[in-house]
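Asks: Enclosed is the structure file run32.cif (mmCIF, C-alpha atoms and all ligand atoms).
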```cif
data_input
#
loop_
_atom_site.label_atom_id
_atom_site.label_comp_id
_atom_site.auth_asym_id
_atom_site.auth_seq_id
_atom_site.Cartn_x
_atom_site.Cartn_y
_atom_site.Cartn_z
CA MET A 1 -71.85 118.45 30.11
CA SER A 2 -68.16 117.91 29.70
CA PHE A 3 -65.85 119.00 32.49
CA ILE A 4 -62.55 120.58 31.46
CA ASN A 5 -60.05 120.48 34.29
CA TYR A 6 -57.00 122.63 33.58
CA SER A 7 -55.57 121.78 36.95
CA SER A 8 -55.33 118.04 36.41
CA ARG A 9 -55.28 118.47 32.62
CA GLU A 10 -58.24 116.23 32.08
CA ILE A 11 -61.39 116.39 30.11
CA ASN A 12 -64.37 114.36 31.30
CA CYS A 13 -67.34 113.51 29.10
CA LYS A 14 -70.56 111.62 29.78
CA ILE A 15 -71.96 109.03 27.37
CA VAL A 16 -75.38 107.47 27.99
CA TYR A 17 -76.51 104.16 26.46
CA TYR A 18 -80.27 104.32 25.94
CA GLY A 19 -82.77 101.83 24.55
CA PRO A 20 -85.67 99.50 25.36
CA GLY A 21 -85.53 96.85 28.08
CA LEU A 22 -83.22 93.89 27.36
CA CYS A 23 -81.80 95.43 24.15
CA GLY A 24 -78.23 94.89 25.40
CA LYS A 25 -77.07 98.19 26.96
CA THR A 26 -75.52 96.57 30.01
CA THR A 27 -73.96 93.89 27.78
CA ASN A 28 -72.17 96.64 25.79
CA LEU A 29 -70.57 97.99 28.96
CA GLN A 30 -69.72 94.52 30.24
CA TYR A 31 -67.93 93.72 26.98
CA ILE A 32 -66.00 96.99 27.06
CA TYR A 33 -65.09 96.43 30.69
CA ALA A 34 -63.88 92.88 30.08
CA ASN A 35 -61.80 93.84 27.05
CA THR A 36 -60.20 97.11 28.08
CA ASN A 37 -56.70 97.42 29.49
CA GLN A 38 -56.53 97.47 33.27
CA ASN A 39 -54.92 100.91 33.38
CA ALA A 40 -57.50 102.46 31.05
CA LYS A 41 -60.57 101.60 33.08
CA GLY A 42 -62.01 102.01 36.54
CA LYS A 43 -64.43 99.76 38.35
CA MET A 44 -67.75 99.01 36.72
CA ILE A 45 -70.73 99.67 38.95
CA SER A 46 -74.09 98.03 38.25
CA LEU A 47 -77.14 98.97 40.26
CA ALA A 48 -79.36 96.08 39.22
CA THR A 49 -82.31 93.99 40.39
CA GLU A 50 -81.85 90.42 41.53
CA THR A 51 -82.70 89.32 38.01
CA GLU A 52 -79.87 91.42 36.52
CA ARG A 53 -82.12 94.10 35.10
CA THR A 54 -80.71 97.58 35.45
CA LEU A 55 -82.45 99.31 38.34
CA PHE A 56 -80.80 102.72 38.31
CA PHE A 57 -77.68 102.69 36.14
CA ASP A 58 -74.44 100.98 35.16
CA PHE A 59 -71.32 103.09 35.30
CA LEU A 60 -67.94 102.54 33.68
CA PRO A 61 -65.13 105.12 33.63
CA LEU A 62 -62.68 104.85 30.72
CA SER A 63 -59.57 106.76 29.65
CA LEU A 64 -59.01 106.91 25.94
CA GLY A 65 -55.63 108.61 25.85
CA GLU A 66 -54.35 112.15 25.46
CA ILE A 67 -55.16 114.98 23.12
CA ARG A 68 -52.89 118.02 23.23
CA GLY A 69 -51.70 117.11 26.70
CA PHE A 70 -55.21 116.60 28.07
CA LYS A 71 -56.26 113.16 29.29
CA THR A 72 -59.62 112.26 27.78
CA ARG A 73 -61.90 110.44 30.15
CA PHE A 74 -65.32 109.09 29.30
CA HIS A 75 -67.96 108.15 31.83
CA LEU A 76 -70.25 105.51 30.33
CA TYR A 77 -73.72 105.11 31.80
CA THR A 78 -76.66 102.89 30.88
CA VAL A 79 -80.25 103.69 31.73
CA PRO A 80 -82.80 101.12 32.90
CA GLY A 81 -84.80 100.25 29.79
CA GLN A 82 -87.97 99.02 31.42
CA VAL A 83 -90.80 101.46 30.74
CA PHE A 84 -91.72 102.13 34.36
CA TYR A 85 -88.24 103.36 35.30
CA ASP A 86 -88.74 106.61 33.41
CA ALA A 87 -87.98 108.86 36.39
CA SER A 88 -84.55 107.24 36.72
CA ARG A 89 -83.84 107.59 33.01
CA LYS A 90 -84.42 111.33 33.23
CA LEU A 91 -81.90 111.62 36.06
CA ILE A 92 -79.21 109.70 34.19
CA LEU A 93 -79.57 111.96 31.15
CA LYS A 94 -78.60 115.05 33.14
CA GLY A 95 -75.38 116.54 31.86
CA VAL A 96 -75.06 114.09 28.97
CA ASP A 97 -72.57 114.83 26.19
CA GLY A 98 -73.56 112.08 23.78
CA VAL A 99 -76.12 109.29 23.45
CA VAL A 100 -75.84 105.77 22.04
CA PHE A 101 -79.21 104.33 21.16
CA VAL A 102 -79.11 100.54 21.35
CA ALA A 103 -81.93 99.04 19.32
CA ASP A 104 -83.10 95.45 19.71
CA SER A 105 -83.12 94.06 16.16
CA GLN A 106 -85.79 91.46 16.84
CA VAL A 107 -88.92 92.04 14.75
CA GLU A 108 -91.18 91.82 17.79
CA ARG A 109 -89.26 94.65 19.49
CA THR A 110 -89.93 97.13 16.68
CA GLU A 111 -92.52 99.04 18.62
CA ALA A 112 -90.43 99.03 21.79
CA ASN A 113 -87.53 100.58 19.84
CA VAL A 114 -89.69 103.32 18.39
CA GLU A 115 -91.25 104.11 21.75
CA SER A 116 -87.85 104.24 23.39
CA VAL A 117 -86.51 106.76 20.84
CA GLU A 118 -89.56 108.92 21.41
CA ASN A 119 -89.04 108.65 25.14
CA LEU A 120 -85.41 109.67 24.66
CA ARG A 121 -86.43 112.69 22.62
CA THR A 122 -88.95 113.79 25.25
CA ASN A 123 -86.60 113.31 28.18
CA LEU A 124 -83.77 115.16 26.44
CA ALA A 125 -86.10 118.03 25.57
CA GLU A 126 -87.01 118.36 29.25
CA GLN A 127 -83.33 119.06 29.94
CA GLY A 128 -83.12 121.51 27.06
CA TYR A 129 -81.37 119.16 24.63
CA ASP A 130 -82.47 118.46 21.07
CA LEU A 131 -81.98 114.86 19.92
CA ASP A 132 -81.39 116.18 16.40
CA LYS A 133 -78.46 118.31 17.53
CA ILE A 134 -76.53 116.39 20.18
CA PRO A 135 -73.83 113.78 19.41
CA TYR A 136 -75.87 110.66 18.69
CA VAL A 137 -75.15 107.21 17.27
CA ILE A 138 -77.33 104.14 16.82
CA GLN A 139 -76.49 100.47 17.31
CA TYR A 140 -78.68 97.68 15.93
CA ASN A 141 -77.93 94.90 18.38
CA LYS A 142 -78.74 91.18 18.42
CA ARG A 143 -77.93 90.74 14.73
CA ASP A 144 -77.22 87.06 15.46
CA LEU A 145 -80.86 86.21 16.18
CA PRO A 146 -82.94 84.51 13.46
CA ASN A 147 -85.85 86.88 14.07
CA ALA A 148 -83.76 90.02 13.48
CA ALA A 149 -85.42 92.53 11.18
CA PRO A 150 -83.56 93.46 7.97
CA PHE A 151 -80.91 96.13 8.46
CA ASP A 152 -82.41 98.55 5.92
CA GLU A 153 -85.77 98.35 7.58
CA LEU A 154 -84.34 99.22 10.99
CA ARG A 155 -82.25 102.01 9.56
CA GLY A 156 -85.25 103.49 7.74
CA LEU A 157 -87.28 103.40 10.91
CA LEU A 158 -84.77 104.55 13.50
CA ASN A 159 -82.24 106.66 11.66
CA PRO A 160 -83.94 109.32 9.56
CA ARG A 161 -81.21 111.82 10.46
CA GLY A 162 -78.47 109.57 9.07
CA VAL A 163 -76.24 109.52 12.16
CA PRO A 164 -73.44 106.94 12.37
CA ASP A 165 -75.01 103.52 12.89
CA PHE A 166 -73.67 100.03 13.48
CA GLU A 167 -74.79 96.43 13.52
CA ALA A 168 -73.80 94.59 16.68
CA ILE A 169 -73.73 91.35 18.58
CA ALA A 170 -72.86 92.77 21.98
CA PRO A 171 -71.95 89.57 23.90
CA LYS A 172 -69.40 88.75 21.17
CA GLY A 173 -68.23 92.33 20.94
CA ASP A 174 -69.15 92.77 17.29
CA GLY A 175 -69.77 96.46 16.71
CA VAL A 176 -69.27 97.41 20.37
CA TYR A 177 -66.02 99.36 20.07
CA ASP A 178 -67.04 100.83 16.70
CA THR A 179 -70.09 102.28 18.40
CA LEU A 180 -68.09 103.65 21.32
CA LYS A 181 -65.44 105.20 19.10
CA ALA A 182 -68.07 106.84 16.92
CA ILE A 183 -69.80 108.55 19.84
CA ALA A 184 -66.49 109.59 21.42
CA ARG A 185 -65.41 111.07 18.12
CA LEU A 186 -68.63 113.06 17.76
CA ILE A 187 -68.31 114.40 21.30
CA LEU A 188 -64.73 115.53 20.76
CA THR A 189 -65.68 117.13 17.46
CA GLU A 190 -68.43 119.01 19.28
CA LEU A 191 -65.90 120.20 21.89
CA LYS A 192 -63.68 121.39 19.13
CA LYS A 193 -66.50 123.61 17.92
CA GLY A 194 -66.35 125.03 21.45
CA THR A 195 -70.07 125.41 22.04
CA MET B 1 -78.82 123.01 30.07
CA GLN B 2 -75.99 123.46 32.51
CA PRO B 3 -73.04 125.70 31.74
CA GLN B 4 -69.74 124.16 30.75
CA MET B 5 -67.88 123.03 33.82
CA VAL B 6 -64.28 124.23 33.95
CA MET B 7 -61.61 124.05 36.64
CA TYR B 8 -58.41 126.11 36.72
CA ASP B 9 -55.34 125.56 38.82
CA GLU B 10 -55.87 128.68 40.91
CA GLU B 11 -59.39 127.73 41.97
CA PHE B 12 -58.39 124.11 42.40
CA GLN B 13 -55.76 125.15 44.94
CA GLN B 14 -58.29 127.30 46.80
CA ILE B 15 -60.88 124.53 46.81
CA SER B 16 -58.38 121.96 48.02
CA ALA B 17 -57.29 124.28 50.82
CA VAL B 18 -60.89 124.69 52.00
CA CYS B 19 -61.40 120.91 51.91
CA GLU B 20 -58.14 120.31 53.79
CA ARG B 21 -59.15 122.71 56.51
CA LEU B 22 -62.64 121.24 56.72
CA ALA B 23 -61.17 117.76 57.14
CA ARG B 24 -58.88 118.99 59.88
CA GLU B 25 -61.39 121.09 61.79
CA ALA B 26 -64.16 118.50 61.56
CA ASN B 27 -61.84 115.60 62.47
CA ALA B 28 -63.01 113.92 59.32
CA LYS B 29 -61.33 110.99 57.58
CA ILE B 30 -62.11 112.06 54.04
CA VAL B 31 -63.61 115.09 52.35
CA PHE B 32 -64.45 115.20 48.69
CA LEU B 33 -66.21 117.41 46.24
CA VAL B 34 -68.17 116.16 43.23
CA ASP B 35 -70.10 117.92 40.50
CA LYS B 36 -73.75 117.00 40.04
CA ASN B 37 -72.89 114.88 37.02
CA GLY B 38 -70.70 112.63 39.12
CA GLN B 39 -67.28 113.98 38.24
CA LEU B 40 -64.77 114.27 41.03
CA ILE B 41 -63.50 117.81 41.62
CA ALA B 42 -61.26 117.38 44.66
CA SER B 43 -60.58 114.90 47.42
CA VAL B 44 -58.49 115.07 50.59
CA GLY B 45 -57.73 112.71 53.45
CA ALA B 46 -57.25 108.97 53.53
CA THR B 47 -58.32 108.38 49.93
CA GLN B 48 -55.54 106.03 48.83
CA ASP B 49 -57.56 102.84 49.40
CA LEU B 50 -60.73 104.37 48.12
CA ASP B 51 -62.24 104.20 44.65
CA THR B 52 -63.01 107.92 44.42
CA THR B 53 -64.32 107.69 40.84
CA SER B 54 -67.00 105.22 41.90
CA LEU B 55 -67.75 107.23 45.02
CA ALA B 56 -68.25 110.35 42.94
CA SER B 57 -70.62 108.68 40.51
CA LEU B 58 -72.70 107.03 43.24
CA THR B 59 -72.86 110.22 45.29
CA ALA B 60 -74.23 112.10 42.29
CA GLY B 61 -76.70 109.27 41.66
CA ASN B 62 -77.79 109.44 45.27
CA ILE B 63 -78.35 113.19 45.15
CA ALA B 64 -80.15 112.87 41.83
CA ALA B 65 -82.45 110.17 43.22
CA THR B 66 -83.30 112.02 46.44
CA GLY B 67 -83.74 115.19 44.39
CA GLY B 68 -86.30 113.31 42.31
CA LEU B 69 -88.05 112.19 45.49
CA ALA B 70 -88.08 115.74 46.82
CA LYS B 71 -89.76 117.01 43.67
CA LEU B 72 -92.44 114.34 43.93
CA ILE B 73 -93.45 115.49 47.39
CA GLY B 74 -93.19 119.15 46.49
CA GLU B 75 -89.84 119.89 48.09
CA LYS B 76 -87.08 121.75 46.31
CA GLU B 77 -84.16 119.47 47.07
CA PHE B 78 -82.86 117.72 50.15
CA SER B 79 -79.72 119.74 50.53
CA ILE B 80 -78.30 117.58 53.32
CA LEU B 81 -78.18 113.80 53.53
CA PHE B 82 -76.76 111.80 56.39
CA HIS B 83 -75.98 108.09 56.33
CA GLU B 84 -74.98 106.45 59.58
CA GLY B 85 -72.84 103.33 59.45
CA GLU B 86 -71.46 101.01 62.10
CA ARG B 87 -68.04 102.55 61.84
CA ASP B 88 -68.11 105.41 59.35
CA ASN B 89 -70.72 108.00 58.60
CA LEU B 90 -71.43 109.97 55.46
CA HIS B 91 -72.50 113.60 55.46
CA ILE B 92 -73.54 114.80 52.01
CA SER B 93 -74.56 118.36 51.23
CA VAL B 94 -75.38 120.26 48.07
CA ILE B 95 -73.59 123.57 47.79
CA GLY B 96 -75.11 126.44 45.87
CA GLY B 97 -77.32 123.97 44.02
CA ARG B 98 -74.40 122.83 41.87
CA VAL B 99 -71.69 120.85 43.65
CA ILE B 100 -71.82 118.11 46.26
CA LEU B 101 -69.64 118.06 49.37
CA VAL B 102 -69.09 114.71 51.05
CA VAL B 103 -67.57 114.23 54.50
CA ILE B 104 -66.70 110.78 55.82
CA PHE B 105 -66.15 110.64 59.57
CA ASP B 106 -66.09 108.19 62.46
CA THR B 107 -66.44 108.38 66.26
CA ARG B 108 -63.53 110.77 66.55
CA SER B 109 -65.96 113.38 65.28
CA SER B 110 -69.68 114.01 65.61
CA LEU B 111 -72.59 115.02 63.43
CA GLY B 112 -72.87 118.35 65.22
CA LEU B 113 -69.25 119.26 64.63
CA VAL B 114 -69.36 118.16 60.99
CA ARG B 115 -72.52 120.20 60.39
CA LEU B 116 -70.97 123.30 61.87
CA ARG B 117 -67.75 123.06 59.88
CA VAL B 118 -69.52 122.13 56.66
CA LYS B 119 -71.61 125.26 56.93
CA LYS B 120 -68.57 127.46 57.11
CA ALA B 121 -66.77 125.64 54.31
CA SER B 122 -69.88 125.80 52.12
CA ASP B 123 -69.91 129.59 52.18
CA GLU B 124 -66.28 129.70 51.16
CA LEU B 125 -66.70 127.13 48.41
CA ASN B 126 -69.73 128.97 47.11
CA LYS B 127 -67.69 132.12 46.65
CA ILE B 128 -64.98 130.26 44.78
CA PHE B 129 -67.50 128.64 42.43
CA ASP B 130 -69.20 131.98 41.81
CA GLY B 131 -65.87 133.39 40.73
CA LEU B 132 -65.16 130.37 38.60
CA LEU B 133 -68.45 130.72 36.79
CA LYS B 134 -67.76 134.37 35.98
CA LYS B 135 -64.35 133.48 34.65
CA VAL B 136 -65.81 130.83 32.35
CA GLN B 137 -68.42 133.18 30.97
CA VAL B 138 -65.83 135.70 29.81
CA PRO B 139 -65.90 135.55 26.02
CA GLY B 140 -62.75 134.12 24.51
CA ALA B 141 -62.05 132.06 27.62
CA GLY B 142 -61.70 129.49 24.87
CA SER B 143 -61.71 125.73 24.93
CA PRO B 144 -58.30 124.04 24.71
CA PHE B 145 -59.96 121.88 22.11
CA ALA B 146 -60.75 124.64 19.67
CA GLU B 147 -57.55 123.85 17.83
CA ILE B 148 -57.62 120.10 17.78
CA THR B 149 -57.63 118.54 14.35
CA ASP B 150 -59.38 115.50 12.97
CA ASP B 151 -55.95 113.87 13.01
CA ASP B 152 -55.70 114.40 16.78
CA ILE B 153 -59.00 112.62 17.20
CA ASP B 154 -57.97 109.85 14.80
CA ASN B 155 -54.73 109.31 16.71
CA LEU B 156 -56.67 108.72 19.89
CA PHE B 157 -58.28 105.69 18.30
CA SER B 158 -55.35 104.27 16.42
CA GLU B 159 -54.04 101.19 18.06
N1 LIG C 201 -78.39 86.69 21.23
C1 LIG C 201 -78.05 87.87 21.72
N2 LIG C 201 -78.33 88.17 23.00
C2 LIG C 201 -77.97 89.37 23.48
C3 LIG C 201 -77.30 90.33 22.67
N3 LIG C 201 -77.05 91.42 23.42
C4 LIG C 201 -77.56 91.17 24.66
N4 LIG C 201 -78.10 89.94 24.70
C5 LIG C 201 -78.75 89.29 25.85
O1 LIG C 201 -79.94 90.00 26.17
C6 LIG C 201 -80.17 89.99 27.58
C7 LIG C 201 -80.38 91.40 28.12
O2 LIG C 201 -79.18 92.15 27.97
P1 LIG C 201 -78.83 93.41 28.89
O3 LIG C 201 -77.55 93.95 28.41
O4 LIG C 201 -78.96 93.06 30.32
O5 LIG C 201 -80.04 94.37 28.49
P2 LIG C 201 -80.31 95.87 28.99
O6 LIG C 201 -80.55 96.67 27.76
O7 LIG C 201 -79.23 96.32 29.88
O8 LIG C 201 -81.68 95.68 29.78
P3 LIG C 201 -82.29 96.63 30.97
O9 LIG C 201 -81.25 96.76 31.99
O10 LIG C 201 -83.50 95.95 31.46
O11 LIG C 201 -82.64 97.93 30.31
C8 LIG C 201 -78.98 89.30 28.19
O12 LIG C 201 -79.33 87.97 28.46
C9 LIG C 201 -77.91 89.36 27.10
O13 LIG C 201 -77.02 88.29 27.18
C10 LIG C 201 -77.00 89.98 21.30
O14 LIG C 201 -76.43 90.74 20.52
N5 LIG C 201 -77.41 88.74 20.89
MG MG C 202 -79.20 97.01 31.78
#
```
Rewrite the structure from the file as structure tokens, please.

Replies:
Amino acid sequence: MSFINYSSREINCKIVYYGPGLCGKTTNLQYIYANTNQNAKGKMISLATETERTLFFDFLPLSLGEIRGFKTRFHLYTVPGQVFYDASRKLILKGVDGVVFVADSQVERTEANVESVENLRTNLAEQGYDLDKIPYVIQYNKRDLPNAAPFDELRGLLNPRGVPDFEAIAPKGDGVYDTLKAIARLILTELKKGT
Amino acid sequence: MQPQMVMYDEEFQQISAVCERLAREANAKIVFLVDKNGQLIASVGATQDLDTTSLASLTAGNIAATGGLAKLIGEKEFSILFHEGERDNLHISVIGGRVILVVIFDTRSSLGLVRLRVKKASDELNKIFDGLLKKVQVPGAGSPFAEITDDDIDNLFSE
């Protein structure tokens, strides 16, 4: 839930990157962190296992500039994708303003992608959110791999609602900022509606 | 779903004053207030060398995680957490189920004193947040973003 602070003239919004284990959520944040101006970002925090798997969350605060005299700040979080960390995923989703679903394009991850979307839908519903109504974008990551499924196939499977979607190669940055801008735009448009 | 979180200058001044007094009366180094989603509301004391944004996010994560634990064992929520360090200690408490008050203190203070002062400050903060909530629920309180245009949003991303 966004936080409008009239005192400091700031608006804070929360974006959560969701998706199956190893799909590239953390890599998205790492790329953004490495390629964003010093004065537009805060420290990136990663609560990870010794093998670099996300244990609780990654966190990256970003400022995107001003709208009508209000500084827009976005707090980016990733969830741990591994199935057994479901309790943690639910906690991270609290107060979310928009979700990026990062899909792993590899053919053998098809089922993991589908399960993860279903898990997202369930966990959002528990908080009273409807996946079909909240700001939502999809990223098909790992497009560089030879075993990546065809784009149309992934889109047909994961994007029946026709939300903004992007192909990506997260370590190279392809599609990373496009995805971020799209979700930020949807969140601001939602704020404009003044729900 | 939680209600939209809003902060106005008037309440911000009141909240800061309560935190200032708490810091003074509890001999604390730092006092800060965070919403449950990890957004910093106010901070007072020796915060200049401190990454308060990170602190806010981790504090909220901490409360969320212990809240999850509490549920599992059939508790409502652990409304007070205490972490003892070699030099500094952290006292974390949930106020009115919605905001988190953090006090950082060292040997110039004590857990007993901090507890006592936090209790008093909590009541005051609770009242302020109650008032804030009522203000937000007034119809027509209006978002400053109601009038933004697609161009405004486009401009944000043009560089
Ligand atoms: N080839 C290729 N590798 C990628 C791509 N994106 C991420 N990876 C690699 O995939 C591995 C896992 O990436 P992470 O970003 O840690 O995955 P995650 O989604 O955060 O995983 P969890 O934290 O377990 O949920 C890393 O070794 C990345 O370098 C991509 O687009 N192409
Ligand atoms: Mg990760």

Asks: Select, counting all atoms listed in the file, all protein, DNA and RNA residues no farther than 12 Å from (-72.0, 98.6, 16.7) in file coordinates, and express the selection as JSON, numbers by chain.

Replies: {"A": [24, 25, 28, 100, 101, 102, 103, 104, 137, 138, 139, 140, 141, 142, 143, 164, 165, 166, 167, 168, 169, 170, 171, 172, 173, 174, 175, 176, 177, 178, 179, 180, 181, 182, 183]}

Asks: Deliver the residues from the most recent selection as a file, using C-alpha atoms, as a short mmCIF file (atom, residue, chain, number, x, y, z; two decimals), in the coordinates of the input.

Replies:
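And here is the file that came out, out-v3.cif:
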```cif
data_model
loop_
_atom_site.label_atom_id
_atom_site.label_comp_id
_atom_site.auth_asym_id
_atom_site.auth_seq_id
_atom_site.Cartn_x
_atom_site.Cartn_y
_atom_site.Cartn_z
CA GLY A 24 -78.23 94.89 25.40
CA LYS A 25 -77.07 98.19 26.96
CA ASN A 28 -72.17 96.64 25.79
CA VAL A 100 -75.84 105.77 22.04
CA PHE A 101 -79.21 104.33 21.16
CA VAL A 102 -79.11 100.54 21.35
CA ALA A 103 -81.93 99.04 19.32
CA ASP A 104 -83.10 95.45 19.71
CA VAL A 137 -75.15 107.21 17.27
CA ILE A 138 -77.33 104.14 16.82
CA GLN A 139 -76.49 100.47 17.31
CA TYR A 140 -78.68 97.68 15.93
CA ASN A 141 -77.93 94.90 18.38
CA LYS A 142 -78.74 91.18 18.42
CA ARG A 143 -77.93 90.74 14.73
CA PRO A 164 -73.44 106.94 12.37
CA ASP A 165 -75.01 103.52 12.89
CA PHE A 166 -73.67 100.03 13.48
CA GLU A 167 -74.79 96.43 13.52
CA ALA A 168 -73.80 94.59 16.68
CA ILE A 169 -73.73 91.35 18.58
CA ALA A 170 -72.86 92.77 21.98
CA PRO A 171 -71.95 89.57 23.90
CA LYS A 172 -69.40 88.75 21.17
CA GLY A 173 -68.23 92.33 20.94
CA ASP A 174 -69.15 92.77 17.29
CA GLY A 175 -69.77 96.46 16.71
CA VAL A 176 -69.27 97.41 20.37
CA TYR A 177 -66.02 99.36 20.07
CA ASP A 178 -67.04 100.83 16.70
CA THR A 179 -70.09 102.28 18.40
CA LEU A 180 -68.09 103.65 21.32
CA LYS A 181 -65.44 105.20 19.10
CA ALA A 182 -68.07 106.84 16.92
CA ILE A 183 -69.80 108.55 19.84
#
```

Asks: Please report, as JSON lines, each residue of chain A lying at most 8 Å from chain B, together with the nearest pair of atoms and the separation in Å rounded to one decimal; use all atoms listed in the file, and order rows by chain and ascending residue number.

Replies:
```
{"residue": "A:Met1", "atom": "CA", "partner": "B:Gln4", "partner_atom": "CA", "distance": 6.1}
{"residue": "A:Ser2", "atom": "CA", "partner": "B:Gln4", "partner_atom": "CA", "distance": 6.5}
{"residue": "A:Phe3", "atom": "CA", "partner": "B:Met5", "partner_atom": "CA", "distance": 4.7}
{"residue": "A:Ile4", "atom": "CA", "partner": "B:Val6", "partner_atom": "CA", "distance": 4.7}
{"residue": "A:Asn5", "atom": "CA", "partner": "B:Met7", "partner_atom": "CA", "distance": 4.5}
{"residue": "A:Tyr6", "atom": "CA", "partner": "B:Tyr8", "partner_atom": "CA", "distance": 4.9}
{"residue": "A:Ser7", "atom": "CA", "partner": "B:Asp9", "partner_atom": "CA", "distance": 4.2}
{"residue": "A:Ser8", "atom": "CA", "partner": "B:Asp9", "partner_atom": "CA", "distance": 7.9}
{"residue": "A:Asn12", "atom": "CA", "partner": "B:Gln39", "partner_atom": "CA", "distance": 7.5}
{"residue": "A:Gly42", "atom": "CA", "partner": "B:Thr53", "partner_atom": "CA", "distance": 7.5}
{"residue": "A:Lys43", "atom": "CA", "partner": "B:Ser54", "partner_atom": "CA", "distance": 7.0}
{"residue": "A:Ile45", "atom": "CA", "partner": "B:Ser54", "partner_atom": "CA", "distance": 7.3}
{"residue": "A:Phe59", "atom": "CA", "partner": "B:Ser57", "partner_atom": "CA", "distance": 7.7}
{"residue": "A:Pro61", "atom": "CA", "partner": "B:Thr53", "partner_atom": "CA", "distance": 7.7}
{"residue": "A:Leu64", "atom": "CA", "partner": "B:Leu156", "partner_atom": "CA", "distance": 6.7}
{"residue": "A:Gly65", "atom": "CA", "partner": "B:Leu156", "partner_atom": "CA", "distance": 6.1}
{"residue": "A:Glu66", "atom": "CA", "partner": "B:Leu156", "partner_atom": "CA", "distance": 6.9}
{"residue": "A:Ile67", "atom": "CA", "partner": "B:Asp152", "partner_atom": "CA", "distance": 6.4}
{"residue": "A:Arg68", "atom": "CA", "partner": "B:Ile148", "partner_atom": "CA", "distance": 7.5}
{"residue": "A:Ala87", "atom": "CA", "partner": "B:Gly68", "partner_atom": "CA", "distance": 7.6}
{"residue": "A:Ser88", "atom": "CA", "partner": "B:Ala65", "partner_atom": "CA", "distance": 7.4}
{"residue": "A:Leu91", "atom": "CA", "partner": "B:Ala64", "partner_atom": "CA", "distance": 6.2}
{"residue": "A:Ile92", "atom": "CA", "partner": "B:Gly61", "partner_atom": "CA", "distance": 7.9}
{"residue": "A:Lys94", "atom": "CA", "partner": "B:Asn37", "partner_atom": "CA", "distance": 6.9}
{"residue": "A:Gly95", "atom": "CA", "partner": "B:Asn37", "partner_atom": "CA", "distance": 6.0}
{"residue": "A:Gln127", "atom": "CA", "partner": "B:Met1", "partner_atom": "CA", "distance": 6.0}
{"residue": "A:Gly128", "atom": "CA", "partner": "B:Met1", "partner_atom": "CA", "distance": 5.5}
{"residue": "A:Tyr129", "atom": "CA", "partner": "B:Met1", "partner_atom": "CA", "distance": 7.1}
{"residue": "A:Lys181", "atom": "CA", "partner": "B:Phe157", "partner_atom": "CA", "distance": 7.2}
{"residue": "A:Arg185", "atom": "CA", "partner": "B:Ile153", "partner_atom": "CA", "distance": 6.7}
{"residue": "A:Leu188", "atom": "CA", "partner": "B:Ile153", "partner_atom": "CA", "distance": 7.3}
{"residue": "A:Thr189", "atom": "CA", "partner": "B:Asp150", "partner_atom": "CA", "distance": 7.9}
{"residue": "A:Leu191", "atom": "CA", "partner": "B:Phe145", "partner_atom": "CA", "distance": 6.2}
{"residue": "A:Lys192", "atom": "CA", "partner": "B:Ala146", "partner_atom": "CA", "distance": 4.4}
{"residue": "A:Lys193", "atom": "CA", "partner": "B:Ala146", "partner_atom": "CA", "distance": 6.1}
{"residue": "A:Gly194", "atom": "CA", "partner": "B:Ser143", "partner_atom": "CA", "distance": 5.8}
```

Asks: List as a VMD selection string the protein and nucleic acid residues near Gly85 in chain B, meaning an atom at most 10 Å away when all atoms listed in the file are counted, but skip any in the same chain fewer than 5 places from it.

Replies: chain B and resid 90 105 to 106

Asks: Can you list every residue of chain A that has an atom at most 7 Å from ligand MG 202 (chain C), with its nearest atom pair and the distance in Å to one decimal, using all atoms listed in the file, ordered by chain then number, as a tab-separated table?

Replies:
```
residue	atom	partner	partner_atom	distance
A:Leu22	CA	C:MG202	MG	6.7
A:Gly24	CA	C:MG202	MG	6.8
A:Lys25	CA	C:MG202	MG	5.4
A:Thr26	CA	C:MG202	MG	4.1
A:Arg53	CA	C:MG202	MG	5.3
A:Thr54	CA	C:MG202	MG	4.0
A:Thr78	CA	C:MG202	MG	6.5
A:Val79	CA	C:MG202	MG	6.8
A:Pro80	CA	C:MG202	MG	5.6
A:Gly81	CA	C:MG202	MG	6.8
```

Asks: Could you save those same residues with C-alpha atoms as an mmCIF file, in the coordinates of the input?

Replies:
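Contents of out10.cif, freshly written:
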```
data_model
loop_
_atom_site.group_PDB
_atom_site.id
_atom_site.type_symbol
_atom_site.label_atom_id
_atom_site.label_comp_id
_atom_site.auth_asym_id
_atom_site.auth_seq_id
_atom_site.Cartn_x
_atom_site.Cartn_y
_atom_site.Cartn_z
ATOM 1 C CA LEU A 22 -83.220 93.890 27.360
ATOM 2 C CA GLY A 24 -78.230 94.890 25.400
ATOM 3 C CA LYS A 25 -77.070 98.190 26.960
ATOM 4 C CA THR A 26 -75.520 96.570 30.010
ATOM 5 C CA ARG A 53 -82.120 94.100 35.100
ATOM 6 C CA THR A 54 -80.710 97.580 35.450
ATOM 7 C CA THR A 78 -76.660 102.890 30.880
ATOM 8 C CA VAL A 79 -80.250 103.690 31.730
ATOM 9 C CA PRO A 80 -82.800 101.120 32.900
ATOM 10 C CA GLY A 81 -84.800 100.250 29.790
#
```

Asks: One decimal, Å: what's the distance from CA of Ile95 in chain B over to CA of Ser79 in chain B, could you say?

Replies: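 Interatomic distance, CA of Ile95 in chain B to CA of Ser79 in chain B: 7.7 Å.
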
Asks: Have a look at CA of Ser46 in chain A and CA of Asp130 in chain A and let me know their distance in Å, one decimal.

Replies: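 Distance between the two atoms: 28.0 Å.
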
Asks: Have a look at CA of Gly45 in chain B and CA of Ile92 in chain B and let me know their distance in Å, one decimal.

Replies: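 Distance reported for this atom pair: 16.0 Å.
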